[in-house]
Amino acid sequence: MRSPRIRISTPAAGLLATAALLLAFGGPVSQAAFGTPAASAAQPAAEQGSPYISTHLYFGTGRHNGNPPITEEEFNKFVADVITPRFPSGLTLQEGRGQWRDKDGDINRERSYELTVMYPVREAAARNADIEYIRRLYCTTWELESVGRADVRAQVDF
């Protein structure tokens, strides 16, 4: 007696073949396609570096009520006197052009600075106090509405 034959239609066969290929080669293929190295057995990628927070602050230089913009010299003095003492291990500062909508609904375009500081997650509470102090002082010194902030978790190695 012969065993019954099961015939799979062409679309289903193609789907099964695709699924089999993805299961067999999905990891290495995706790693090659996206340029991510495979985690080695000796050191998984998740263990490289230490858990840090990368905080990005966005400082505008435009002022309200006809006041002149904050100069480069004034901003650099603020960095030296206020920010550097709180983050002496290092920081990154980039100059750019930004825009945002103020409380009156006006769009403001201005020279701006993005400050990046990184610190271990275990220092987050202490660093948060420093960062909020910097933001408040910048706003009160030049009568501004806000300093933008973005925090990102990262694995960091130096």
# chains A, B, ... in the order shown; residues from 1 in each chain; ligands from 1
>>> residues_around(residues="segment 99-101 of chain A", least_positions_apart="6", cutoff="12 Å", atoms="only C-alpha atoms", output="PyMOL selection string")
chain A and resi 58-62+107-113+145-148
>>> closest_residue(among="A:Asn65, A:Thr84, A:Ser54, A:Gln48", to="Glu123 of chain A", atoms="only C-alpha atoms")
A:Ser54
>>> atom_distance(atom1="atom CA of Ser50 of chain A", atom2="atom CA of Gln155 of chain A")
5.1 Å
>>> select_by_dssp(residues="segment 30-135 of chain A", states="alpha helix (DSSP H)", output="list in words")
Ser30, Gln31, Ala32, Ala33, Phe34, Glu72, Glu73, Glu74, Phe75, Asn76, Lys77, Phe78, Ala124, Ala125, Ala126, Arg127, Asn128, Ala129, Asp130, Ile131, Glu132, Tyr133, Ile134 and Arg135 of chain A
